[in-house]
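**Q** Shown below is the structure under consideration.
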Amino acid sequence: MATTEQVRIRTRGYERRRRELELLIVADIVTIFAWVLGFYGLHPNGHIDFLNPWLTIVVLVPLGAHVANRHLAADADAILLPLATLLNGLGYVMIGVLDPTQAHLQALWTLISVFAYVVCIFFVRNPDSLDRYRYLLAILGIGLLFSPMLPGIGENIGGERLWVHLGSLSFQPVEVSKLLLAIFLTSLLVEKRDLLARLRGGGLRRFGPIALTFGLALAIMAVEKDVGFALLIFVTFVLVMWIGTGNRIYLLFGAVTFVLGLVVGGAVLPQVHQRISVWLDPWKHAATTGYQLIQAQYAFGIGGLSGTDLGLSHPTVPVATSDFIFAAFGQELGLLGTSAIIISFLLLIGAGLRVALRAHGEFSSLLAMTMTIILALQTFFILAGVIRVLPLTGMTLPFLAYGGSSLLTNYILLAILMRISHRSNQFNDLREGTTG
């Protein structure tokens, strides 16, 4: 016989999953409505096929993730999966408007990514168990990070050597690597927190983790020409060290180190100097490296307040399905549409921070915070680059932009957050019932 307290806790789990299902249905309705608008924009006299197999995958597959949550993580946050589904769906629609072939591939990657989400939810029952495998994950992460340098499988695209090509499959191992290294760095910080938090004592050893991360970032920029990921991993770890120790000296040391790296990188590495030059004056490079950024500004100007409507203007921004998809949304949906997208990201990041604050256990809390910071920084860097607040980093916008590696990694990140949320809510519900 289940006790009254057990029934009450189980009921809370059912309520969370019911809310998740309702929000998923809303996300799917928005996706279908956007797809209809985009289809009519491209084919005003065409017949709408609501049984389009690619749209069906994008709409129905997240419901499979909901079923997995219902059985494996019933107490997890109810808003994380619907927000990811909404962004994924809108991204698919825009990619379909711009390039139907890539949209088909994005739908397949959605299927693979949600499957990986379910696998992660199933096998990672206790997020704290990841702490035991930190050195193995670090070795695997570094191996994946530099795997594009291997002859025969590494591929150079756009001046950056980030791709691995195996037969007909091409992906960016750096995306998965960032999660593995994040777990390692989080585990290291939890173990050395007392030493790192001291205002006095410890000597230069306190700055060892930042120096190690800085060296890794420089290696990534020098060897793989990837400015975006190098910036992401360094800033993430500096912020996590500050949050984890409460010692603001790491922010100061990280800022000084960052400026030093920027000066050295700008002087020694052509790709860093080029990105800064284009950011400061894209018109000076209008015929070459500044063309993309200028076209993005035009796209936002054409879109105005409410946009030109999906499928009607067909944005001509280069690489509009990936690096500049936010500019494509700016032209098609205008300020109102892009504001809605930014709000969706803010809600997703806010939900991740709530998971971190409510997490039960030091490692789980800091891991959730690290995962959320990765998501937030990647979103900020790419949005700021497209609207010319910061130099372009070349990263993809999470869930929204075309890219199988990015989509797969972000669904795994989401699964880790969901698993942490499930355990923390179970613990908090039980504690509230005990003290109530």
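We label chains A, B, ... in the order they appear in the structure tokens, count residues from 1 in each chain, and number ligands from 1 in the order shown.
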Within 10 Å of Gly89 (chain A), counting only C-alpha atoms, which residues qualify if same-chain residues fewer than 5 places away don't, as a PyMOL selection string?

**A** chain A and resi 27-32+34-35+55+58-59+83-84+94-95+107+110+399-400

**Q** Among region 54-146 of chain A, which ones does DSSP assign to alpha helix (DSSP H) (computed from the backbone)? Answer as a ChimeraX atom specification.

**A** /A:54-72,80-98,100-123,134-145

**Q** Considering only C-alpha atoms, return as JSON, numbers by chain whatever protein or nucleic-acid residues lie within 10 Å of Gly143 (chain A), sequence-local ones (same chain, fewer than 4 positions apart) excluded.

**A** {"A": [137, 138, 139, 147, 148, 173, 174, 177]}

**Q** May I ask which of the residues A:Leu347, A:Leu312, A:Asn410, A:Ala73 is the closest one to Val124 (chain A), counting only C-alpha atoms?

**A**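 Of A:Leu347, A:Leu312, A:Asn410, A:Ala73, the one nearest Val124 (chain A) is A:Ala73, counting only C-alpha atoms.
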
**Q** Neighbouring residues of Ser129 (chain A) were defined as those with any atom within 12 Å, considering only C-alpha atoms; residues of the same chain fewer than 4 positions away were excluded. Please report them as a ChimeraX atom specification.

**A** /A:123-125,133-134,183,187,361,363-364,367,416,419-420

**Q** Let me see the file: selected residues, C-alpha atoms, as a short mmCIF file (atom, residue, chain, number, x, y, z; two decimals), in the first residue's frame.

**A**
data_model
loop_
_atom_site.label_atom_id
_atom_site.label_comp_id
_atom_site.auth_asym_id
_atom_site.auth_seq_id
_atom_site.Cartn_x
_atom_site.Cartn_y
_atom_site.Cartn_z
CA PHE A 123 21.41 5.33 -18.64
CA VAL A 124 22.30 8.40 -16.58
CA ARG A 125 20.01 7.62 -13.64
CA TYR A 133 34.47 8.96 -14.82
CA ARG A 134 35.95 12.45 -15.08
CA ILE A 183 31.87 17.47 -16.81
CA SER A 187 34.29 17.55 -11.18
CA GLY A 361 24.18 17.73 -4.29
CA PHE A 363 28.30 18.21 -8.13
CA SER A 364 24.81 18.09 -9.67
CA LEU A 367 27.06 20.62 -13.40
CA ILE A 416 21.38 15.92 -18.28
CA ARG A 419 17.84 14.10 -15.02
CA ILE A 420 19.27 16.54 -12.45
#

**Q** Record the distance separating CA of Leu87 (chain A) and CA of Gly13 (chain A), expressed in Å with one decimal.

**A**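 For CA of Leu87 (chain A) relative to CA of Gly13 (chain A), the distance reads 24.8 Å.
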
**Q** From the list A:Leu366, A:Ala68, A:Leu90, A:Leu417, which residue is nearest Glu191 (chain A) when using only C-alpha atoms?

**A** A:Leu366

**Q** Between A:Glu332, A:Asp309, A:Asp128, A:Glu175, which one has atoms that come closest to Ala368 (chain A), using only C-alpha atoms?

**A** A:Asp128

**Q** What does the distance from CA of Ser406 (chain A) to CA of Gln172 (chain A) come to in Å, to one decimal?

**A**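 Computing the Euclidean distance for CA of Ser406 (chain A) and CA of Gln172 (chain A) yields 7.9 Å.
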
**Q** Report, in Å with one decimal, the straight-line distance from CA of Phe122 (chain A) to CA of Leu60 (chain A).

**A**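 Here the two named atoms are 19.8 Å from each other.
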
**Q** Let me make sure I understand: among A:Val61, A:Leu392, A:Leu150, A:Leu144, which one has the smallest atom-to-atom distance to Trp109 (chain A) if we use only C-alpha atoms?

**A**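 Using only C-alpha atoms, Trp109 (chain A) sits closest to A:Val61.
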